[in-house]
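For reference, input_2.cif is printed below; it contains mmCIF, C-alpha atoms.
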```cif
data_coords
#
loop_
_atom_site.group_PDB
_atom_site.id
_atom_site.type_symbol
_atom_site.label_atom_id
_atom_site.label_comp_id
_atom_site.auth_asym_id
_atom_site.auth_seq_id
_atom_site.Cartn_x
_atom_site.Cartn_y
_atom_site.Cartn_z
ATOM 1 C CA MET I 1 30.932 2.406 -4.772
ATOM 2 C CA ILE I 2 27.872 0.126 -4.955
ATOM 3 C CA SER I 3 24.558 0.415 -6.727
ATOM 4 C CA ILE I 4 21.357 0.016 -4.660
ATOM 5 C CA ILE I 5 17.668 0.841 -5.048
ATOM 6 C CA LEU I 6 16.710 3.343 -2.351
ATOM 7 C CA ASN I 7 12.991 4.094 -1.915
ATOM 8 C CA GLY I 8 12.311 2.934 -5.467
ATOM 9 C CA LYS I 9 15.190 4.853 -7.132
ATOM 10 C CA LYS I 10 18.495 3.395 -8.330
ATOM 11 C CA ILE I 11 21.447 5.214 -6.757
ATOM 12 C CA GLU I 12 25.224 4.865 -6.579
ATOM 13 C CA THR I 13 26.570 5.161 -3.046
ATOM 14 C CA VAL I 14 29.846 4.951 -1.158
ATOM 15 C CA ALA I 15 27.932 3.931 1.991
ATOM 16 C CA GLU I 16 28.952 0.526 3.311
ATOM 17 C CA TYR I 17 26.473 0.180 6.178
ATOM 18 C CA THR I 18 22.777 1.078 6.593
ATOM 19 C CA SER I 19 23.666 3.456 9.439
ATOM 20 C CA GLU I 20 25.390 5.703 6.890
ATOM 21 C CA LEU I 21 22.074 6.156 5.038
ATOM 22 C CA CYS I 22 19.688 6.686 7.913
ATOM 23 C CA ASP I 23 19.089 7.403 11.578
ATOM 24 C CA ASN I 24 17.792 4.224 13.275
ATOM 25 C CA ASP I 25 16.110 6.184 16.060
ATOM 26 C CA ARG I 26 13.947 8.260 13.737
ATOM 27 C CA GLN I 27 13.700 6.021 10.701
ATOM 28 C CA THR I 28 12.624 2.467 9.839
ATOM 29 C CA VAL I 29 14.901 0.592 7.433
ATOM 30 C CA ILE I 30 13.789 -2.306 5.274
ATOM 31 C CA VAL I 31 16.454 -4.182 3.282
ATOM 32 C CA ASN I 32 15.260 -6.685 0.671
ATOM 33 C CA GLY I 33 11.828 -6.940 2.293
ATOM 34 C CA PHE I 34 13.025 -7.385 5.857
ATOM 35 C CA GLY I 35 13.008 -4.822 8.675
ATOM 36 C CA ILE I 36 16.566 -4.158 9.902
ATOM 37 C CA LYS I 37 17.185 -3.521 13.612
ATOM 38 C CA GLU I 38 20.998 -3.601 13.617
ATOM 39 C CA ASP I 39 23.530 -1.886 11.419
ATOM 40 C CA THR I 40 23.819 -3.990 8.276
ATOM 41 C CA LEU I 41 26.425 -4.290 5.542
ATOM 42 C CA LEU I 42 25.048 -3.174 2.183
ATOM 43 C CA LYS I 43 25.592 -5.219 -0.972
ATOM 44 C CA ASN I 44 25.402 -4.324 -4.629
ATOM 45 C CA GLY I 45 21.778 -4.575 -5.848
ATOM 46 C CA ASP I 46 20.152 -4.322 -2.398
ATOM 47 C CA ILE I 47 16.608 -2.891 -2.324
ATOM 48 C CA VAL I 48 16.409 -0.467 0.581
ATOM 49 C CA HIS I 49 13.440 1.457 1.919
ATOM 50 C CA ILE I 50 13.727 4.133 4.587
ATOM 51 C CA PHE I 51 10.666 5.624 6.287
ATOM 52 C CA GLU I 52 10.265 8.301 8.956
ATOM 53 C CA LYS I 53 8.855 6.581 12.063
ATOM 54 C CA ASP I 54 6.501 9.429 12.963
ATOM 55 C CA HIS I 55 5.152 10.070 9.474
ATOM 56 C CA ILE I 56 1.759 8.783 8.257
ATOM 57 C CA PRO I 57 2.520 7.416 4.778
ATOM 58 C CA THR I 58 0.764 8.683 1.680
ATOM 59 C CA ALA I 59 -1.042 6.137 -0.499
ATOM 60 C CA GLU I 60 2.030 5.865 -2.756
ATOM 61 C CA GLU I 61 4.398 5.488 0.184
ATOM 62 C CA ARG I 62 2.146 2.845 1.741
ATOM 63 C CA LYS I 63 2.253 0.934 -1.537
ATOM 64 C CA ILE I 64 6.071 0.923 -1.475
ATOM 65 C CA LEU I 65 6.097 0.023 2.204
ATOM 66 C CA MET I 66 3.730 -2.924 1.683
ATOM 67 C CA SER I 67 5.736 -4.142 -1.314
ATOM 68 C CA ALA I 68 8.892 -3.904 0.762
ATOM 69 C CA ARG I 69 7.357 -6.050 3.513
ATOM 70 C CA ASP I 70 5.836 -8.671 1.227
ATOM 71 C CA SER I 71 6.615 -9.530 -2.362
ATOM 72 C CA PRO I 72 5.655 -6.917 -5.015
ATOM 73 C CA GLU I 73 3.711 -9.525 -7.049
ATOM 74 C CA LEU I 74 1.635 -10.501 -4.011
ATOM 75 C CA CYS I 75 0.958 -6.852 -3.141
ATOM 76 C CA ASP I 76 -0.015 -5.941 -6.702
ATOM 77 C CA LYS I 77 -2.511 -8.789 -6.863
ATOM 78 C CA ILE I 78 -4.065 -7.901 -3.510
ATOM 79 C CA ARG I 79 -4.103 -4.162 -4.259
ATOM 80 C CA THR I 80 -5.928 -4.610 -7.567
ATOM 81 C CA SER I 81 -8.592 -6.941 -6.144
ATOM 82 C CA MET I 82 -12.130 -6.254 -5.006
ATOM 83 C CA VAL I 83 -13.639 -8.334 -2.209
ATOM 84 C CA GLY I 84 -17.230 -8.331 -0.996
ATOM 85 C CA ILE I 85 -18.199 -8.847 2.645
ATOM 86 C CA ALA I 86 -21.817 -9.676 3.470
ATOM 87 C CA GLY I 87 -22.397 -8.858 7.141
ATOM 88 C CA LEU I 88 -20.178 -6.747 9.390
ATOM 89 C CA GLY I 89 -20.510 -8.609 12.692
ATOM 90 C CA GLY I 90 -17.829 -10.689 14.397
ATOM 91 C CA LEU I 91 -16.661 -12.296 11.160
ATOM 92 C CA GLY I 92 -17.182 -9.491 8.657
ATOM 93 C CA SER I 93 -15.770 -6.575 10.676
ATOM 94 C CA ASN I 94 -12.619 -8.586 11.467
ATOM 95 C CA ILE I 95 -12.190 -9.912 7.905
ATOM 96 C CA ALA I 96 -12.483 -6.312 6.642
ATOM 97 C CA GLU I 97 -9.781 -5.155 9.056
ATOM 98 C CA MET I 98 -7.406 -7.977 8.058
ATOM 99 C CA LEU I 99 -7.888 -7.356 4.343
ATOM 100 C CA VAL I 100 -7.317 -3.609 4.697
ATOM 101 C CA ARG I 101 -4.163 -4.230 6.743
ATOM 102 C CA ILE I 102 -2.685 -6.400 3.991
ATOM 103 C CA GLY I 103 -3.510 -3.772 1.362
ATOM 104 C CA ILE I 104 -6.690 -4.879 -0.395
ATOM 105 C CA GLY I 105 -7.664 -2.415 -3.140
ATOM 106 C CA LYS I 106 -11.418 -2.207 -2.744
ATOM 107 C CA LEU I 107 -14.063 -3.592 -0.401
ATOM 108 C CA VAL I 108 -17.791 -3.850 -0.997
ATOM 109 C CA ILE I 109 -19.428 -4.100 2.439
ATOM 110 C CA ALA I 110 -23.080 -4.643 3.327
ATOM 111 C CA ASP I 111 -24.926 -4.773 6.654
ATOM 112 C CA MET I 112 -28.296 -3.605 7.963
ATOM 113 C CA ASP I 113 -27.424 -3.319 11.688
ATOM 114 C CA ILE I 114 -26.230 -0.577 13.986
ATOM 115 C CA VAL I 115 -23.412 -1.093 16.493
ATOM 116 C CA ASP I 116 -24.662 -1.935 19.993
ATOM 117 C CA ALA I 117 -22.933 -2.617 23.317
ATOM 118 C CA THR I 118 -23.219 -6.422 22.980
ATOM 119 C CA ASN I 119 -21.124 -6.339 19.800
ATOM 120 C CA LEU I 120 -17.927 -5.136 21.443
ATOM 121 C CA ASN I 121 -16.966 -8.599 22.804
ATOM 122 C CA ARG I 122 -15.903 -9.697 19.332
ATOM 123 C CA GLN I 123 -16.603 -7.141 16.628
ATOM 124 C CA ASN I 124 -14.129 -4.576 15.346
ATOM 125 C CA TYR I 125 -15.844 -1.493 16.814
ATOM 126 C CA PHE I 126 -15.324 0.820 19.781
ATOM 127 C CA ALA I 127 -17.616 2.185 22.491
ATOM 128 C CA GLU I 128 -17.830 5.509 20.652
ATOM 129 C CA ASP I 129 -19.326 3.675 17.626
ATOM 130 C CA ILE I 130 -22.446 2.504 19.520
ATOM 131 C CA GLY I 131 -25.503 3.738 17.647
ATOM 132 C CA LEU I 132 -23.762 4.084 14.279
ATOM 133 C CA PRO I 133 -24.660 1.870 11.319
ATOM 134 C CA LYS I 134 -21.978 -0.822 11.067
ATOM 135 C CA THR I 135 -21.241 0.246 7.499
ATOM 136 C CA ILE I 136 -20.472 3.828 8.637
ATOM 137 C CA ALA I 137 -18.447 2.704 11.672
ATOM 138 C CA SER I 138 -16.486 0.214 9.543
ATOM 139 C CA GLU I 139 -15.656 2.821 6.913
ATOM 140 C CA LYS I 140 -14.382 5.148 9.629
ATOM 141 C CA ILE I 141 -12.213 2.469 11.279
ATOM 142 C CA LEU I 142 -10.877 0.997 8.031
ATOM 143 C CA LYS I 143 -9.866 4.460 6.799
ATOM 144 C CA MET I 144 -8.011 5.002 10.061
ATOM 145 C CA ILE I 145 -5.854 2.022 9.037
ATOM 146 C CA ASP I 146 -5.520 2.965 5.356
ATOM 147 C CA PRO I 147 -6.871 6.391 4.362
ATOM 148 C CA SER I 148 -6.655 5.420 0.680
ATOM 149 C CA ILE I 149 -8.814 2.276 0.928
ATOM 150 C CA GLU I 150 -11.753 2.357 -1.468
ATOM 151 C CA ILE I 151 -15.004 1.213 0.142
ATOM 152 C CA GLU I 152 -18.448 0.809 -1.356
ATOM 153 C CA SER I 153 -20.947 0.381 1.455
ATOM 154 C CA HIS I 154 -24.570 -0.723 1.469
ATOM 155 C CA HIS I 155 -26.636 -0.174 4.617
ATOM 156 C CA CYS I 156 -29.447 -2.583 3.790
ATOM 157 C CA ARG I 157 -30.875 -6.046 4.330
ATOM 158 C CA LEU I 158 -29.464 -8.497 1.783
ATOM 159 C CA THR I 159 -32.142 -10.276 -0.210
ATOM 160 C CA PRO I 160 -32.216 -12.614 -3.220
ATOM 161 C CA GLU I 161 -33.221 -9.546 -5.236
ATOM 162 C CA ASN I 162 -30.297 -7.241 -4.384
ATOM 163 C CA ILE I 163 -27.345 -9.573 -3.653
ATOM 164 C CA ALA I 164 -26.183 -10.118 -7.244
ATOM 165 C CA SER I 165 -26.241 -6.420 -8.144
ATOM 166 C CA ILE I 166 -24.351 -5.395 -4.980
ATOM 167 C CA PHE I 167 -21.536 -7.980 -5.310
ATOM 168 C CA LYS I 168 -21.427 -8.649 -9.070
ATOM 169 C CA ASN I 169 -18.039 -6.962 -9.662
ATOM 170 C CA CYS I 170 -16.234 -8.638 -6.751
ATOM 171 C CA ASP I 171 -13.470 -11.186 -7.327
ATOM 172 C CA ILE I 172 -14.461 -13.016 -4.148
ATOM 173 C CA VAL I 173 -17.318 -12.626 -1.684
ATOM 174 C CA CYS I 174 -17.334 -13.533 2.029
ATOM 175 C CA GLU I 175 -20.550 -14.695 3.687
ATOM 176 C CA ALA I 176 -20.382 -13.330 7.244
ATOM 177 C CA LEU I 177 -24.064 -13.169 8.182
ATOM 178 C CA ASP I 178 -25.568 -14.407 11.441
ATOM 179 C CA ALA I 179 -28.806 -16.399 11.083
ATOM 180 C CA PRO I 180 -28.419 -19.821 9.396
ATOM 181 C CA GLU I 181 -31.354 -19.132 7.076
ATOM 182 C CA GLU I 182 -29.765 -15.851 5.919
ATOM 183 C CA LYS I 183 -26.400 -17.548 5.438
ATOM 184 C CA ALA I 184 -27.954 -20.306 3.322
ATOM 185 C CA MET I 185 -30.015 -17.778 1.343
ATOM 186 C CA PHE I 186 -26.888 -15.750 0.570
ATOM 187 C CA ILE I 187 -24.834 -18.755 -0.543
ATOM 188 C CA ASN I 188 -27.624 -20.084 -2.732
ATOM 189 C CA THR I 189 -28.169 -16.689 -4.345
ATOM 190 C CA ILE I 190 -24.481 -16.189 -5.202
ATOM 191 C CA LEU I 191 -24.092 -19.764 -6.502
ATOM 192 C CA GLU I 192 -27.192 -19.381 -8.671
ATOM 193 C CA LYS I 193 -26.834 -15.794 -9.878
ATOM 194 C CA CYS I 194 -23.060 -15.215 -9.968
ATOM 195 C CA PRO I 195 -21.653 -18.403 -11.531
ATOM 196 C CA GLY I 196 -17.889 -18.753 -11.151
ATOM 197 C CA MET I 197 -17.599 -16.325 -8.230
ATOM 198 C CA THR I 198 -15.680 -17.741 -5.261
ATOM 199 C CA ILE I 199 -17.664 -17.594 -2.018
ATOM 200 C CA ILE I 200 -16.097 -18.069 1.406
ATOM 201 C CA SER I 201 -18.510 -18.741 4.235
ATOM 202 C CA GLY I 202 -18.317 -19.038 8.033
ATOM 203 C CA SER I 203 -20.172 -21.867 9.756
ATOM 204 C CA GLY I 204 -19.655 -22.917 13.384
ATOM 205 C CA MET I 205 -17.460 -20.721 15.605
ATOM 206 C CA ALA I 206 -19.454 -20.060 18.793
ATOM 207 C CA GLY I 207 -18.234 -20.784 22.335
ATOM 208 C CA TYR I 208 -14.721 -21.642 23.453
ATOM 209 C CA ASP I 209 -14.259 -25.245 22.313
ATOM 210 C CA ASN I 210 -10.923 -26.487 20.921
ATOM 211 C CA PRO I 211 -9.764 -23.836 18.420
ATOM 212 C CA ASN I 212 -8.090 -26.515 16.284
ATOM 213 C CA LEU I 213 -11.545 -27.809 15.305
ATOM 214 C CA ILE I 214 -11.996 -24.693 13.169
ATOM 215 C CA ARG I 215 -10.862 -25.510 9.637
ATOM 216 C CA THR I 216 -11.317 -24.524 6.003
ATOM 217 C CA GLU I 217 -12.961 -26.966 3.619
ATOM 218 C CA LYS I 218 -13.696 -26.729 -0.070
ATOM 219 C CA ARG I 219 -17.325 -27.680 -0.712
ATOM 220 C CA PHE I 220 -18.786 -27.486 -4.203
ATOM 221 C CA ASN I 221 -16.794 -25.900 -7.025
ATOM 222 C CA ASP I 222 -16.716 -22.325 -5.786
ATOM 223 C CA LEU I 223 -17.653 -22.615 -2.113
ATOM 224 C CA TYR I 224 -15.275 -22.705 0.847
ATOM 225 C CA ILE I 225 -16.595 -23.196 4.389
ATOM 226 C CA CYS I 226 -14.607 -22.063 7.434
ATOM 227 C CA GLY I 227 -15.570 -23.108 10.963
ATOM 228 C CA ASP I 228 -16.089 -26.274 12.990
ATOM 229 C CA GLY I 229 -19.443 -26.919 11.281
ATOM 230 C CA VAL I 230 -21.308 -27.566 14.533
ATOM 231 C CA SER I 231 -20.856 -24.812 17.171
ATOM 232 C CA GLU I 232 -24.063 -22.861 16.697
ATOM 233 C CA ALA I 233 -24.603 -19.579 18.523
ATOM 234 C CA ARG I 234 -27.375 -20.172 21.084
ATOM 235 C CA GLN I 235 -28.281 -19.605 24.730
ATOM 236 C CA GLY I 236 -25.396 -20.856 26.829
ATOM 237 C CA MET I 237 -22.974 -20.773 23.898
ATOM 238 C CA GLY I 238 -22.377 -17.231 22.780
ATOM 239 C CA LEU I 239 -20.024 -15.833 20.191
ATOM 240 C CA MET I 240 -16.706 -14.722 21.667
ATOM 241 C CA SER I 241 -13.752 -12.889 20.214
ATOM 242 C CA PRO I 242 -11.095 -15.654 20.179
ATOM 243 C CA ARG I 243 -12.928 -18.320 18.176
ATOM 244 C CA VAL I 244 -14.771 -15.816 15.984
ATOM 245 C CA SER I 245 -11.443 -14.125 15.180
ATOM 246 C CA ILE I 246 -9.837 -17.487 14.367
ATOM 247 C CA CYS I 247 -12.661 -18.224 11.941
ATOM 248 C CA ALA I 248 -12.380 -14.704 10.454
ATOM 249 C CA GLY I 249 -8.637 -15.368 10.030
ATOM 250 C CA HIS I 250 -9.365 -18.581 8.151
ATOM 251 C CA MET I 251 -11.733 -16.695 5.866
ATOM 252 C CA ALA I 252 -9.361 -13.770 5.214
ATOM 253 C CA ASN I 253 -6.454 -16.162 4.562
ATOM 254 C CA THR I 254 -8.610 -18.125 2.124
ATOM 255 C CA VAL I 255 -9.339 -14.825 0.343
ATOM 256 C CA VAL I 256 -5.583 -14.239 -0.028
ATOM 257 C CA ARG I 257 -4.899 -17.774 -1.258
ATOM 258 C CA LYS I 258 -7.709 -17.638 -3.820
ATOM 259 C CA LEU I 259 -6.599 -14.196 -5.054
ATOM 260 C CA LEU I 260 -3.129 -15.666 -5.623
ATOM 261 C CA GLY I 261 -4.608 -18.578 -7.569
ATOM 262 C CA LEU I 262 -4.019 -21.131 -4.815
ATOM 263 C CA ASP I 263 -6.463 -23.654 -3.394
ATOM 264 C CA ILE I 264 -6.753 -24.497 0.301
ATOM 265 C CA MET A 1 -26.399 -42.718 -4.989
ATOM 266 C CA LYS A 2 -24.033 -40.717 -2.824
ATOM 267 C CA ILE A 3 -24.800 -38.089 -0.171
ATOM 268 C CA ASN A 4 -21.670 -36.165 0.826
ATOM 269 C CA GLY A 5 -19.565 -39.091 -0.339
ATOM 270 C CA ARG A 6 -21.592 -41.701 1.588
ATOM 271 C CA ASP A 7 -23.284 -44.520 -0.354
ATOM 272 C CA VAL A 8 -27.063 -44.582 0.014
ATOM 273 C CA LYS A 9 -29.211 -47.152 -1.785
ATOM 274 C CA ILE A 10 -32.543 -46.123 -3.339
ATOM 275 C CA GLU A 11 -34.775 -48.452 -5.323
ATOM 276 C CA GLU A 12 -36.522 -45.850 -7.486
ATOM 277 C CA SER A 13 -36.303 -42.135 -8.283
ATOM 278 C CA VAL A 14 -37.447 -39.908 -5.433
ATOM 279 C CA PRO A 15 -37.872 -36.127 -5.065
ATOM 280 C CA LEU A 16 -34.905 -34.341 -3.467
ATOM 281 C CA THR A 17 -37.215 -33.018 -0.730
ATOM 282 C CA ASP A 18 -37.912 -36.596 0.420
ATOM 283 C CA ILE A 19 -34.205 -37.322 0.736
ATOM 284 C CA LEU A 20 -33.558 -34.080 2.614
ATOM 285 C CA MET A 21 -36.391 -34.849 5.049
ATOM 286 C CA LYS A 22 -35.245 -38.435 5.585
ATOM 287 C CA GLU A 23 -31.649 -37.265 6.205
ATOM 288 C CA GLY A 24 -32.832 -34.592 8.661
ATOM 289 C CA PHE A 25 -31.863 -31.454 6.719
ATOM 290 C CA GLU A 26 -33.882 -28.255 7.076
ATOM 291 C CA SER A 27 -34.275 -26.940 3.552
ATOM 292 C CA ASP A 28 -33.898 -23.255 4.515
ATOM 293 C CA ARG A 29 -30.449 -23.842 6.083
ATOM 294 C CA ILE A 30 -28.721 -25.696 3.279
ATOM 295 C CA ALA A 31 -27.297 -25.496 -0.217
ATOM 296 C CA VAL A 32 -27.383 -28.532 -2.493
ATOM 297 C CA GLU A 33 -25.247 -29.555 -5.424
ATOM 298 C CA LEU A 34 -26.469 -32.376 -7.653
ATOM 299 C CA ASN A 35 -23.745 -33.950 -9.815
ATOM 300 C CA GLY A 36 -21.650 -30.796 -9.473
ATOM 301 C CA LYS A 37 -24.414 -28.288 -10.218
ATOM 302 C CA ILE A 38 -26.244 -26.096 -7.722
ATOM 303 C CA VAL A 39 -29.941 -26.940 -7.297
ATOM 304 C CA SER A 40 -32.126 -23.826 -7.118
ATOM 305 C CA ARG A 41 -33.994 -23.608 -3.845
ATOM 306 C CA GLY A 42 -37.356 -23.506 -5.603
ATOM 307 C CA ARG A 43 -36.603 -26.781 -7.425
ATOM 308 C CA TYR A 44 -36.050 -29.155 -4.491
ATOM 309 C CA SER A 45 -39.511 -30.740 -4.777
ATOM 310 C CA ASP A 46 -39.455 -31.292 -8.550
ATOM 311 C CA THR A 47 -35.837 -32.513 -8.720
ATOM 312 C CA LEU A 48 -35.867 -36.295 -8.988
ATOM 313 C CA ILE A 49 -32.907 -38.222 -7.607
ATOM 314 C CA SER A 50 -31.926 -41.594 -9.056
ATOM 315 C CA ASP A 51 -29.461 -44.209 -7.852
ATOM 316 C CA GLU A 52 -26.595 -42.929 -10.053
ATOM 317 C CA ASP A 53 -26.708 -39.389 -8.628
ATOM 318 C CA SER A 54 -24.247 -37.724 -6.327
ATOM 319 C CA ILE A 55 -25.551 -35.081 -3.912
ATOM 320 C CA GLU A 56 -23.455 -32.668 -1.879
ATOM 321 C CA ILE A 57 -25.286 -30.874 0.920
ATOM 322 C CA VAL A 58 -23.874 -27.980 2.941
ATOM 323 C CA ARG A 59 -25.665 -27.176 6.190
ATOM 324 C CA MET A 60 -25.141 -23.729 7.676
ATOM 325 C CA VAL A 61 -24.700 -23.216 11.413
ATOM 326 C CA GLY A 62 -25.795 -19.900 12.954
ATOM 327 C CA GLY A 63 -23.372 -17.251 14.192
ATOM 328 C CA GLY A 64 -21.150 -14.691 12.584
#
```

Transcribe the structure of this file into C-alpha cells.
Amino acid sequence: MISIILNGKKIETVAEYTSELCDNDRQTVIVNGFGIKEDTLLKNGDIVHIFEKDHIPTAEERKILMSARDSPELCDKIRTSMVGIAGLGGLGSNIAEMLVRIGIGKLVIADMDIVDATNLNRQNYFAEDIGLPKTIASEKILKMIDPSIEIESHHCRLTPENIASIFKNCDIVCEALDAPEEKAMFINTILEKCPGMTIISGSGMAGYDNPNLIRTEKRFNDLYICGDGVSEARQGMGLMSPRVSICAGHMANTVVRKLLGLDI
Amino acid sequence: MKINGRDVKIEESVPLTDILMKEGFESDRIAVELNGKIVSRGRYSDTLISDEDSIEIVRMVGGG
C-alpha cells in the first residue's frame, strides 16, 4: 500500500503501476508534472493527475492540469496576474495567444482596427474573422483556448488621454502598435503617467533577415525592447509571420520572467 | 556627457532638442531618459543638458 495524491486528493492505493489506475488509450496521465506515455512504477508521495482525453476541462480542472505541467508556484503567479496589450496586430494577437495558453489570469486588450485579408499572413486570426474588430475576434479566439480567461477589451484609438486609465491596473503592459510615432507616444505616456509599471515593447521585426538578430534589451528602468532595432516595415520589407512571431515570443517570455521577478 | 553610453563633449549647456537634432533623432519616434528619469515630450526644448549629464535615447522602428 502506498500513499499518492491523485487529481488533488490524497489516497491510499495498492496499485503498483499507472496502468492500474487508468486507461492509457482514453486518458492522459501526468506523474509529478510530466506526461507519462509508458506504464510507470508508482512511488510513495507521487502526484498523479488523470484526465479524459476527449473532455474539455472546466476552469478548475484546467488549473490543476496547468499546475501539473508546470510548477504550482509559477502557475499561481501567472494566473493571478493582469497584463495589458496595446495593439492586436502581428505582435499583440500572438502575445495574447501565448499568454492565454500559459494560463494568464486577465488580459486588458486595446485596438482600433478591424481584421482584413492582409492581416492573415502573421496575425492570430482566421478568414472568417475578416470584418470583425480585432478586439472582438481576439476575445472569440482566446476563449476558444481557455473559456475561463477574463478579458477587458477596448475598441478605440489609444491616446495620451486614455492610455493610463485603460492600463492602470495591469502588472505589465506590452506595446504592440504599428506606427513608430504611436509606439513612441505609448511608451512615453506609460513612463510618464504610470511610474513603476513594466513596459515591454517591440521594435524591428520586419522582413526575413537573420532571426538571431532579434533580442531583448533592458532600456531605462522599466522599459524592455524586443526586436532587432532596425528592420522597419516598409515597401519591399513587409511584416511576415516567422520574424513577427519570434519577436512576439520574446515579448511574451519577458512578461513571464518579469511576473516571476526575474530580469532578462 | 554620455548618449547611450557614448562619451560626447559639449562646451556649454544646450537644449535637449539641439542634441537630438544633431544626433539625427526624430523627436516623435523616441523616448528619452535624462540621468535615469523620463523627460516629458513637451519638455525637450526647455531641458538643458550639461557636460555631466547622461542621456539614454530609445528610437522606435515601425511594425507590429

The PyMOL selection byres ((chain I and resi 166) around 10) on the file shown: which residues, as number ranges by chain? I: 84, 86, 108-110, 152-154, 158, 161-165, 167-170

Do you know which residues the PyMOL selection byres ((chain A) within 8 of (chain I)) returns on this file, as a list of chain:residue names? A:Asp28, A:Arg29, A:Ile30, A:Ala31, A:Glu33, A:Gly36, A:Ile38, A:Ser40, A:Arg41, A:Glu56, A:Val58, A:Arg59, A:Met60, A:Val61, A:Gly62, A:Gly63, A:Gly64

Can you tell me how far atom CA of Asn121 of chain I sits from atom CA of Ile78 of chain I, in Å to one decimal? 29.3 Å

Find the distance between atom CA of Leu120 of chain I and atom CA of Thr159 of chain I and write it in Å to one decimal.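 Distance between the two atoms: 26.4 Å.
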
Contacts of Asn44 of chain I within 7 Å, only C-alpha atoms, excl. fewer than 6 positions in-chain, as a JSON list (two decimals) with C-alpha atoms, keeping the file's coordinate frame:
```json
[["chain", "number", "residue", "atom", "x", "y", "z"],
["I", 2, "ILE", "CA", 27.87, 0.13, -4.96],
["I", 3, "SER", "CA", 24.56, 0.42, -6.73],
["I", 4, "ILE", "CA", 21.36, 0.02, -4.66]]
```

Å distance separating atom CA of Ala68 of chain I from atom CA of Leu262 of chain I, one decimal place: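 For atom CA of Ala68 of chain I relative to atom CA of Leu262 of chain I, the distance reads 22.2 Å.
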
Name the residues in contact with Lys9 of chain A at a cut-off of 12 Å, using only C-alpha atoms, excluding same-chain residues fewer than 5 positions from it; report them as a count of residues only. 11

Since the input is missing atoms, can you rebuild all heavy atoms for segment 47-52 of chain A and write them as a PDB file, keeping the file's coordinate frame?
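Saved to selection_4.pdb:
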```
ATOM      1  N   THR A  47     -37.100 -31.897  -8.285  1.00  0.00           N
ATOM      2  CA  THR A  47     -35.837 -32.513  -8.720  1.00  0.00           C
ATOM      3  C   THR A  47     -35.854 -33.980  -8.298  1.00  0.00           C
ATOM      4  O   THR A  47     -35.903 -34.295  -7.104  1.00  0.00           O
ATOM      5  CB  THR A  47     -34.632 -31.789  -8.079  1.00  0.00           C
ATOM      6  OG1 THR A  47     -34.633 -30.434  -8.523  1.00  0.00           O
ATOM      7  CG2 THR A  47     -33.322 -32.445  -8.480  1.00  0.00           C
ATOM      8  N   LEU A  48     -35.825 -34.862  -9.292  1.00  0.00           N
ATOM      9  CA  LEU A  48     -35.867 -36.295  -8.988  1.00  0.00           C
ATOM     10  C   LEU A  48     -34.446 -36.853  -8.886  1.00  0.00           C
ATOM     11  O   LEU A  48     -33.593 -36.567  -9.724  1.00  0.00           O
ATOM     12  CB  LEU A  48     -36.632 -37.050 -10.078  1.00  0.00           C
ATOM     13  CG  LEU A  48     -38.160 -36.887 -10.046  1.00  0.00           C
ATOM     14  CD1 LEU A  48     -38.789 -37.648 -11.205  1.00  0.00           C
ATOM     15  CD2 LEU A  48     -38.740 -37.377  -8.710  1.00  0.00           C
ATOM     16  N   ILE A  49     -34.219 -37.629  -7.853  1.00  0.00           N
ATOM     17  CA  ILE A  49     -32.907 -38.222  -7.607  1.00  0.00           C
ATOM     18  C   ILE A  49     -32.959 -39.710  -7.940  1.00  0.00           C
ATOM     19  O   ILE A  49     -33.868 -40.421  -7.488  1.00  0.00           O
ATOM     20  CB  ILE A  49     -32.506 -38.049  -6.116  1.00  0.00           C
ATOM     21  CG1 ILE A  49     -32.585 -36.578  -5.696  1.00  0.00           C
ATOM     22  CG2 ILE A  49     -31.112 -38.618  -5.867  1.00  0.00           C
ATOM     23  CD1 ILE A  49     -31.697 -35.635  -6.447  1.00  0.00           C
ATOM     24  N   SER A  50     -31.987 -40.151  -8.744  1.00  0.00           N
ATOM     25  CA  SER A  50     -31.926 -41.594  -9.056  1.00  0.00           C
ATOM     26  C   SER A  50     -30.660 -42.191  -8.453  1.00  0.00           C
ATOM     27  O   SER A  50     -29.821 -41.475  -7.889  1.00  0.00           O
ATOM     28  CB  SER A  50     -31.969 -41.809 -10.572  1.00  0.00           C
ATOM     29  OG  SER A  50     -30.829 -41.218 -11.154  1.00  0.00           O
ATOM     30  N   ASP A  51     -30.521 -43.492  -8.575  1.00  0.00           N
ATOM     31  CA  ASP A  51     -29.461 -44.209  -7.852  1.00  0.00           C
ATOM     32  C   ASP A  51     -28.046 -43.858  -8.333  1.00  0.00           C
ATOM     33  O   ASP A  51     -27.075 -44.068  -7.620  1.00  0.00           O
ATOM     34  CB  ASP A  51     -29.695 -45.714  -7.948  1.00  0.00           C
ATOM     35  CG  ASP A  51     -28.947 -46.444  -6.837  1.00  0.00           C
ATOM     36  OD1 ASP A  51     -28.914 -45.905  -5.709  1.00  0.00           O
ATOM     37  OD2 ASP A  51     -28.377 -47.513  -7.103  1.00  0.00           O
ATOM     38  N   GLU A  52     -27.928 -43.265  -9.550  1.00  0.00           N
ATOM     39  CA  GLU A  52     -26.595 -42.929 -10.053  1.00  0.00           C
ATOM     40  C   GLU A  52     -26.135 -41.547  -9.586  1.00  0.00           C
ATOM     41  O   GLU A  52     -25.003 -41.138  -9.837  1.00  0.00           O
ATOM     42  CB  GLU A  52     -26.564 -42.913 -11.593  1.00  0.00           C
ATOM     43  CG  GLU A  52     -26.996 -44.194 -12.270  1.00  0.00           C
ATOM     44  CD  GLU A  52     -28.501 -44.301 -12.355  1.00  0.00           C
ATOM     45  OE1 GLU A  52     -29.136 -43.359 -12.855  1.00  0.00           O
ATOM     46  OE2 GLU A  52     -29.043 -45.318 -11.873  1.00  0.00           O
TER      47      GLU A  52
END
```
